[in-house]
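What follows is run_13.cif (mmCIF, N, CA and C atoms).
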data_data
#
loop_
_atom_site.label_atom_id
_atom_site.label_comp_id
_atom_site.auth_asym_id
_atom_site.auth_seq_id
_atom_site.Cartn_x
_atom_site.Cartn_y
_atom_site.Cartn_z
N MET A 1 -19.46 -43.44 -22.63
CA MET A 1 -18.43 -44.41 -22.42
C MET A 1 -18.53 -45.01 -21.02
N PRO A 2 -18.53 -46.33 -20.90
CA PRO A 2 -18.67 -46.93 -19.59
C PRO A 2 -17.46 -46.77 -18.70
N GLY A 3 -16.31 -46.43 -19.21
CA GLY A 3 -15.10 -46.31 -18.40
C GLY A 3 -15.03 -45.03 -17.60
N ASN A 4 -15.92 -44.07 -17.80
CA ASN A 4 -15.84 -42.79 -17.11
C ASN A 4 -16.14 -42.90 -15.62
N ALA A 5 -17.09 -43.72 -15.24
CA ALA A 5 -17.50 -43.81 -13.84
C ALA A 5 -16.68 -44.82 -13.04
N ALA A 6 -15.78 -45.53 -13.69
CA ALA A 6 -15.03 -46.59 -13.00
C ALA A 6 -14.10 -46.02 -11.94
N GLY A 7 -13.52 -44.87 -12.15
CA GLY A 7 -12.56 -44.32 -11.19
C GLY A 7 -13.20 -43.46 -10.13
N LYS A 8 -14.47 -43.16 -10.24
CA LYS A 8 -15.13 -42.28 -9.29
C LYS A 8 -15.77 -43.08 -8.17
N ALA A 9 -15.66 -42.58 -6.95
CA ALA A 9 -16.32 -43.22 -5.81
C ALA A 9 -17.72 -42.64 -5.66
N THR A 10 -18.66 -43.47 -5.36
CA THR A 10 -20.02 -42.99 -5.16
C THR A 10 -20.14 -42.38 -3.77
N ALA A 11 -21.21 -41.66 -3.54
CA ALA A 11 -21.37 -40.93 -2.27
C ALA A 11 -21.50 -41.86 -1.08
N GLY A 12 -22.13 -43.02 -1.23
CA GLY A 12 -22.35 -43.90 -0.10
C GLY A 12 -21.31 -44.98 0.06
N SER A 13 -20.31 -45.05 -0.84
CA SER A 13 -19.38 -46.17 -0.78
C SER A 13 -18.12 -45.86 0.01
N ASP A 14 -17.79 -44.61 0.26
CA ASP A 14 -16.57 -44.26 0.95
C ASP A 14 -16.89 -43.85 2.38
N PHE A 15 -16.44 -44.66 3.34
CA PHE A 15 -16.69 -44.35 4.74
C PHE A 15 -15.44 -43.85 5.43
N GLY A 16 -14.60 -43.16 4.74
CA GLY A 16 -13.37 -42.63 5.31
C GLY A 16 -13.63 -41.31 6.01
N GLU A 17 -12.60 -40.51 6.15
CA GLU A 17 -12.65 -39.19 6.76
C GLU A 17 -13.19 -39.23 8.18
N GLY A 18 -12.68 -40.16 8.97
CA GLY A 18 -13.05 -40.20 10.38
C GLY A 18 -14.48 -40.63 10.63
N GLY A 19 -15.10 -41.34 9.72
CA GLY A 19 -16.45 -41.82 9.93
C GLY A 19 -17.52 -40.79 9.65
N ARG A 20 -17.15 -39.65 9.09
CA ARG A 20 -18.14 -38.60 8.83
C ARG A 20 -19.18 -39.07 7.83
N SER A 21 -18.72 -39.69 6.74
CA SER A 21 -19.69 -40.14 5.75
C SER A 21 -20.48 -41.35 6.26
N LEU A 22 -19.90 -42.14 7.17
CA LEU A 22 -20.66 -43.24 7.77
C LEU A 22 -21.78 -42.68 8.64
N ALA A 23 -21.49 -41.63 9.39
CA ALA A 23 -22.52 -41.00 10.22
C ALA A 23 -23.63 -40.43 9.34
N LEU A 24 -23.28 -39.83 8.24
CA LEU A 24 -24.29 -39.30 7.32
C LEU A 24 -25.11 -40.43 6.71
N PHE A 25 -24.45 -41.55 6.42
CA PHE A 25 -25.15 -42.70 5.86
C PHE A 25 -26.14 -43.27 6.87
N LEU A 26 -25.77 -43.33 8.13
CA LEU A 26 -26.64 -43.90 9.15
C LEU A 26 -27.79 -42.97 9.52
N ARG A 27 -27.63 -41.67 9.30
CA ARG A 27 -28.68 -40.72 9.65
C ARG A 27 -29.65 -40.42 8.52
N ARG A 28 -29.44 -41.03 7.37
CA ARG A 28 -30.34 -40.74 6.25
C ARG A 28 -31.72 -41.33 6.53
N ARG A 29 -32.72 -40.74 5.92
CA ARG A 29 -34.09 -41.21 6.11
C ARG A 29 -34.39 -42.33 5.14
N VAL A 30 -35.13 -43.30 5.63
CA VAL A 30 -35.56 -44.42 4.81
C VAL A 30 -37.06 -44.29 4.63
N TRP A 31 -37.49 -44.26 3.39
CA TRP A 31 -38.91 -44.13 3.10
C TRP A 31 -39.47 -45.50 2.76
N LEU A 32 -40.47 -45.91 3.53
CA LEU A 32 -41.13 -47.19 3.32
C LEU A 32 -42.53 -46.97 2.76
N PRO A 33 -43.03 -47.92 1.99
CA PRO A 33 -44.43 -47.82 1.57
C PRO A 33 -45.36 -47.82 2.79
N ARG A 34 -46.49 -47.17 2.67
CA ARG A 34 -47.41 -47.00 3.78
C ARG A 34 -47.87 -48.34 4.36
N VAL A 35 -48.12 -49.33 3.51
CA VAL A 35 -48.58 -50.63 3.98
C VAL A 35 -47.50 -51.30 4.82
N LEU A 36 -46.26 -51.25 4.34
CA LEU A 36 -45.15 -51.85 5.08
C LEU A 36 -44.90 -51.11 6.40
N TYR A 37 -45.00 -49.79 6.37
CA TYR A 37 -44.81 -48.99 7.58
C TYR A 37 -45.89 -49.31 8.62
N ALA A 38 -47.11 -49.49 8.19
CA ALA A 38 -48.20 -49.79 9.11
C ALA A 38 -48.10 -51.21 9.65
N ALA A 39 -47.49 -52.12 8.90
CA ALA A 39 -47.40 -53.52 9.32
C ALA A 39 -46.18 -53.80 10.21
N LEU A 40 -45.26 -52.88 10.36
CA LEU A 40 -44.05 -53.15 11.12
C LEU A 40 -44.28 -53.58 12.57
N PRO A 41 -45.13 -52.90 13.35
CA PRO A 41 -45.32 -53.36 14.74
C PRO A 41 -45.88 -54.78 14.81
N TYR A 42 -46.77 -55.10 13.90
CA TYR A 42 -47.34 -56.45 13.89
C TYR A 42 -46.29 -57.48 13.47
N PHE A 43 -45.42 -57.10 12.54
CA PHE A 43 -44.34 -57.99 12.14
C PHE A 43 -43.39 -58.25 13.30
N TYR A 44 -43.05 -57.19 14.05
CA TYR A 44 -42.18 -57.37 15.22
C TYR A 44 -42.81 -58.32 16.23
N MET A 45 -44.07 -58.10 16.54
CA MET A 45 -44.74 -58.95 17.54
C MET A 45 -44.88 -60.38 17.03
N LEU A 46 -45.19 -60.55 15.75
CA LEU A 46 -45.34 -61.89 15.20
C LEU A 46 -44.01 -62.64 15.17
N SER A 47 -42.94 -61.95 14.81
CA SER A 47 -41.63 -62.61 14.80
C SER A 47 -41.18 -62.95 16.22
N GLY A 48 -41.52 -62.12 17.19
CA GLY A 48 -41.20 -62.44 18.58
C GLY A 48 -41.97 -63.64 19.07
N LEU A 49 -43.24 -63.71 18.75
CA LEU A 49 -44.04 -64.87 19.14
C LEU A 49 -43.57 -66.14 18.43
N ALA A 50 -43.18 -66.01 17.17
CA ALA A 50 -42.67 -67.17 16.43
C ALA A 50 -41.36 -67.67 17.03
N ALA A 51 -40.49 -66.76 17.45
CA ALA A 51 -39.24 -67.17 18.08
C ALA A 51 -39.51 -67.83 19.42
N PHE A 52 -40.50 -67.34 20.15
CA PHE A 52 -40.83 -67.95 21.43
C PHE A 52 -41.40 -69.35 21.24
N VAL A 53 -42.27 -69.52 20.25
CA VAL A 53 -42.83 -70.84 19.97
C VAL A 53 -41.73 -71.79 19.49
N ALA A 54 -40.75 -71.26 18.76
CA ALA A 54 -39.65 -72.10 18.26
C ALA A 54 -38.82 -72.66 19.40
N THR A 55 -38.80 -71.99 20.54
CA THR A 55 -38.03 -72.51 21.67
C THR A 55 -38.60 -73.82 22.18
N PHE A 56 -39.88 -74.08 21.97
CA PHE A 56 -40.48 -75.34 22.41
C PHE A 56 -40.03 -76.52 21.55
N TYR A 57 -39.59 -76.24 20.33
CA TYR A 57 -39.22 -77.30 19.41
C TYR A 57 -37.71 -77.55 19.34
N ILE A 58 -36.92 -76.75 20.02
CA ILE A 58 -35.48 -76.97 20.03
C ILE A 58 -35.18 -78.03 21.09
N THR A 59 -34.61 -79.16 20.65
CA THR A 59 -34.36 -80.26 21.58
C THR A 59 -32.89 -80.49 21.85
N GLU A 60 -32.01 -80.21 20.89
CA GLU A 60 -30.61 -80.55 21.08
C GLU A 60 -29.72 -79.36 21.38
N TRP A 61 -29.97 -78.23 20.83
CA TRP A 61 -29.09 -77.08 20.99
C TRP A 61 -29.58 -76.21 22.14
N PHE A 62 -29.24 -76.61 23.35
CA PHE A 62 -29.71 -75.87 24.52
C PHE A 62 -29.02 -74.52 24.67
N TRP A 63 -27.88 -74.35 24.07
CA TRP A 63 -27.18 -73.07 24.18
C TRP A 63 -27.88 -71.96 23.41
N ILE A 64 -28.72 -72.32 22.46
CA ILE A 64 -29.39 -71.30 21.64
C ILE A 64 -30.72 -70.85 22.25
N LEU A 65 -31.25 -71.60 23.20
CA LEU A 65 -32.54 -71.24 23.81
C LEU A 65 -32.55 -69.83 24.42
N PRO A 66 -31.55 -69.46 25.22
CA PRO A 66 -31.59 -68.09 25.76
C PRO A 66 -31.58 -67.02 24.68
N HIS A 67 -30.90 -67.27 23.58
CA HIS A 67 -30.88 -66.30 22.49
C HIS A 67 -32.26 -66.13 21.86
N TYR A 68 -32.95 -67.23 21.67
CA TYR A 68 -34.30 -67.17 21.13
C TYR A 68 -35.25 -66.44 22.10
N VAL A 69 -35.11 -66.71 23.38
CA VAL A 69 -35.98 -66.06 24.36
C VAL A 69 -35.71 -64.57 24.41
N VAL A 70 -34.45 -64.18 24.41
CA VAL A 70 -34.11 -62.75 24.43
C VAL A 70 -34.60 -62.07 23.16
N PHE A 71 -34.41 -62.72 22.03
CA PHE A 71 -34.89 -62.16 20.76
C PHE A 71 -36.40 -62.01 20.76
N SER A 72 -37.09 -63.02 21.28
CA SER A 72 -38.56 -62.96 21.28
C SER A 72 -39.06 -61.85 22.20
N VAL A 73 -38.48 -61.73 23.38
CA VAL A 73 -38.89 -60.66 24.30
C VAL A 73 -38.58 -59.29 23.70
N PHE A 74 -37.42 -59.16 23.08
CA PHE A 74 -37.04 -57.89 22.46
C PHE A 74 -38.02 -57.52 21.34
N CYS A 75 -38.33 -58.47 20.47
CA CYS A 75 -39.23 -58.18 19.34
C CYS A 75 -40.64 -57.82 19.82
N VAL A 76 -41.16 -58.57 20.77
CA VAL A 76 -42.51 -58.26 21.27
C VAL A 76 -42.51 -56.90 21.95
N HIS A 77 -41.47 -56.61 22.72
CA HIS A 77 -41.40 -55.32 23.41
C HIS A 77 -41.32 -54.17 22.42
N ILE A 78 -40.48 -54.29 21.41
CA ILE A 78 -40.36 -53.23 20.40
C ILE A 78 -41.65 -53.08 19.61
N GLY A 79 -42.30 -54.20 19.29
CA GLY A 79 -43.57 -54.13 18.57
C GLY A 79 -44.64 -53.39 19.35
N ILE A 80 -44.74 -53.70 20.64
CA ILE A 80 -45.72 -53.02 21.50
C ILE A 80 -45.36 -51.55 21.65
N LEU A 81 -44.07 -51.26 21.81
CA LEU A 81 -43.62 -49.87 21.97
C LEU A 81 -43.92 -49.05 20.72
N VAL A 82 -43.63 -49.59 19.55
CA VAL A 82 -43.90 -48.86 18.31
C VAL A 82 -45.40 -48.67 18.11
N TYR A 83 -46.18 -49.70 18.41
CA TYR A 83 -47.63 -49.59 18.27
C TYR A 83 -48.20 -48.51 19.20
N ARG A 84 -47.76 -48.52 20.44
CA ARG A 84 -48.27 -47.52 21.40
C ARG A 84 -47.82 -46.11 21.05
N ARG A 85 -46.61 -45.94 20.55
CA ARG A 85 -46.14 -44.60 20.19
C ARG A 85 -46.88 -44.06 18.98
N ARG A 86 -47.23 -44.94 18.05
CA ARG A 86 -47.97 -44.48 16.87
C ARG A 86 -49.41 -44.14 17.19
N HIS A 87 -49.99 -44.81 18.16
CA HIS A 87 -51.40 -44.59 18.48
C HIS A 87 -51.60 -43.71 19.71
N ARG A 88 -50.56 -43.15 20.24
CA ARG A 88 -50.66 -42.33 21.44
C ARG A 88 -51.43 -41.04 21.17
N LYS A 89 -51.10 -40.34 20.11
CA LYS A 89 -51.75 -39.06 19.83
C LYS A 89 -53.21 -39.25 19.43
N THR A 90 -53.51 -40.27 18.66
CA THR A 90 -54.89 -40.48 18.24
C THR A 90 -55.76 -40.91 19.42
N THR A 91 -55.21 -41.66 20.36
CA THR A 91 -55.98 -42.07 21.52
C THR A 91 -56.25 -40.89 22.44
N ALA A 92 -55.27 -40.01 22.62
CA ALA A 92 -55.44 -38.86 23.50
C ALA A 92 -56.50 -37.90 22.97
N THR A 93 -56.57 -37.70 21.68
CA THR A 93 -57.57 -36.78 21.13
C THR A 93 -58.93 -37.44 20.97
N SER A 94 -58.97 -38.77 20.81
CA SER A 94 -60.27 -39.41 20.63
C SER A 94 -61.02 -39.58 21.95
N VAL A 95 -60.31 -39.58 23.09
CA VAL A 95 -60.97 -39.70 24.38
C VAL A 95 -61.76 -38.43 24.68
N ASN A 96 -61.15 -37.28 24.47
CA ASN A 96 -61.82 -36.01 24.72
C ASN A 96 -61.47 -35.06 23.56
N PRO A 97 -62.23 -35.12 22.48
CA PRO A 97 -61.87 -34.29 21.32
C PRO A 97 -62.04 -32.80 21.58
N GLU A 98 -62.82 -32.41 22.56
CA GLU A 98 -63.02 -30.98 22.84
C GLU A 98 -61.78 -30.38 23.48
N SER A 99 -60.97 -31.19 24.19
CA SER A 99 -59.78 -30.66 24.83
C SER A 99 -58.70 -30.34 23.80
N ALA A 100 -58.77 -30.95 22.63
CA ALA A 100 -57.78 -30.67 21.58
C ALA A 100 -57.99 -29.26 21.01
N ASN A 101 -59.24 -28.84 20.90
CA ASN A 101 -59.57 -27.51 20.39
C ASN A 101 -60.41 -26.78 21.43
N PRO A 102 -59.76 -26.00 22.31
CA PRO A 102 -60.53 -25.29 23.32
C PRO A 102 -61.42 -24.23 22.68
N PRO A 103 -62.56 -23.96 23.29
CA PRO A 103 -63.48 -22.96 22.72
C PRO A 103 -62.87 -21.56 22.75
N ASN A 104 -63.22 -20.78 21.77
CA ASN A 104 -62.75 -19.42 21.69
C ASN A 104 -63.64 -18.53 22.56
N THR A 105 -63.09 -17.95 23.62
CA THR A 105 -63.90 -17.16 24.56
C THR A 105 -63.87 -15.68 24.26
N SER A 106 -63.10 -15.25 23.27
CA SER A 106 -63.04 -13.81 23.02
C SER A 106 -63.97 -13.35 21.95
#
C-alpha cells encoding of this file:
Amino acid sequence: MPGNAAGKATAGSDFGEGGRSLALFLRRRVWLPRVLYAALPYFYMLSGLAAFVATFYITEWFWILPHYVVFSVFCVHIGILVYRRRHRKTTATSVNPESANPPNTS
C-alpha cells in the first residue's frame, strides 16, 4: 500500500533535535566514481581560469568583477592544493624509493 510511508520521516529529511541529524548529514561520506574523483583538481583549476578570463569580457557590471576574481583565485588555489595533496605521497616515495623500505640489518 502506498499510504504506509506517507507519515514516516526519512532519515535525511528531519534536521531537528538541535542540529544533530544535520551534523550527521554533513559528515557522511560521498563516494564519487574514480574518473570524476581524479578530474576534480583539473575541474577546479579550469573553472578558476574560466572565471578569470570572463572578467575580461564583463563591460557593464563592474560590481561583479571582484567576485569573479575572488572566485577564480579560490578555485585555482583549491585545485592546486588538492592536486599537491594527492600527489605528495607518490612524489616522496618516487624520489628515493629505498628510503620507503629500509634494508633489514638483522
Near-Ser47 in chain A list (6.5 Å; only N, CA and C atoms; drop same-chain fewer than 6 positions) as a CSV table (one decimal) with N, CA and C atoms, in the coordinates of the input:
chain,number,residue,atom,x,y,z
A,72,SER,N,-37.1,-63.0,21.3
A,72,SER,CA,-38.6,-63.0,21.3
A,72,SER,C,-39.1,-61.8,22.2
A,75,CYS,N,-38.3,-58.5,20.5
A,75,CYS,CA,-39.2,-58.2,19.3
A,75,CYS,C,-40.6,-57.8,19.8
A,76,VAL,N,-41.2,-58.6,20.8
A,76,VAL,CA,-42.5,-58.3,21.3
A,76,VAL,C,-42.5,-56.9,22.0
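Using only N, CA and C atoms, the smallest distance between any of A:Met45, A:Tyr68, A:Ala51, A:Phe62 and Ile80 in chain A comes from A:Met45.
The coordinates place atom C of Phe52 in chain A at 24.0 Å from CA of Ala38 in chain A.
The residue that comes closest to Val69 in chain A, out of A:Ala50, A:Arg27, A:Ser21, A:Arg84 and on the basis of only C-alpha atoms, is A:Ala50.
Computed from the coordinates, the atom N of His77 in chain A to atom N of Ala54 in chain A distance equals 15.2 Å.
Between atom N of Leu81 in chain A and atom N of Pro41 in chain A the interatomic distance comes to 8.7 Å.
Summary of the local environment: counting only C-alpha atoms, residues at most 12 Å from Thr55 in chain A, other than itself and those fewer than 6 positions away along its chain, are Gly48, Leu49, Trp61, Phe62, Trp63, Ile64, Leu65, Pro66, His67, Tyr68, Val69, Val70, Phe71 and Ser72 of chain A.
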Can I get the selected residues back with N, CA and C atoms, as a short mmCIF file (atom, residue, chain, number, x, y, z; two decimals), keeping the file's coordinate frame?
data_model
loop_
_atom_site.label_atom_id
_atom_site.label_comp_id
_atom_site.auth_asym_id
_atom_site.auth_seq_id
_atom_site.Cartn_x
_atom_site.Cartn_y
_atom_site.Cartn_z
N GLY A 48 -41.52 -62.12 17.19
CA GLY A 48 -41.20 -62.44 18.58
C GLY A 48 -41.97 -63.64 19.07
N LEU A 49 -43.24 -63.71 18.75
CA LEU A 49 -44.04 -64.87 19.14
C LEU A 49 -43.57 -66.14 18.43
N TRP A 61 -29.97 -78.23 20.83
CA TRP A 61 -29.09 -77.08 20.99
C TRP A 61 -29.58 -76.21 22.14
N PHE A 62 -29.24 -76.61 23.35
CA PHE A 62 -29.71 -75.87 24.52
C PHE A 62 -29.02 -74.52 24.67
N TRP A 63 -27.88 -74.35 24.07
CA TRP A 63 -27.18 -73.07 24.18
C TRP A 63 -27.88 -71.96 23.41
N ILE A 64 -28.72 -72.32 22.46
CA ILE A 64 -29.39 -71.30 21.64
C ILE A 64 -30.72 -70.85 22.25
N LEU A 65 -31.25 -71.60 23.20
CA LEU A 65 -32.54 -71.24 23.81
C LEU A 65 -32.55 -69.83 24.42
N PRO A 66 -31.55 -69.46 25.22
CA PRO A 66 -31.59 -68.09 25.76
C PRO A 66 -31.58 -67.02 24.68
N HIS A 67 -30.90 -67.27 23.58
CA HIS A 67 -30.88 -66.30 22.49
C HIS A 67 -32.26 -66.13 21.86
N TYR A 68 -32.95 -67.23 21.67
CA TYR A 68 -34.30 -67.17 21.13
C TYR A 68 -35.25 -66.44 22.10
N VAL A 69 -35.11 -66.71 23.38
CA VAL A 69 -35.98 -66.06 24.36
C VAL A 69 -35.71 -64.57 24.41
N VAL A 70 -34.45 -64.18 24.41
CA VAL A 70 -34.11 -62.75 24.43
C VAL A 70 -34.60 -62.07 23.16
N PHE A 71 -34.41 -62.72 22.03
CA PHE A 71 -34.89 -62.16 20.76
C PHE A 71 -36.40 -62.01 20.76
N SER A 72 -37.09 -63.02 21.28
CA SER A 72 -38.56 -62.96 21.28
C SER A 72 -39.06 -61.85 22.20
#
**Message:** Given the point (-42.4, -48.2, 12.4) in the coordinates of this file, which residues lie within 9 Å, counting only C-alpha atoms, and how would they look as JSON, numbers by chain?
**Reply:** {"A": [36, 37, 38, 39, 40, 41, 79, 82, 83, 86]}
**Request:** Could you pull out the residues in range 15-64 of chain A that DSSP calls alpha helix (DSSP H) from the backbone, as a VMD selection string?
**Result:** chain A and resid 20 to 26 34 to 54
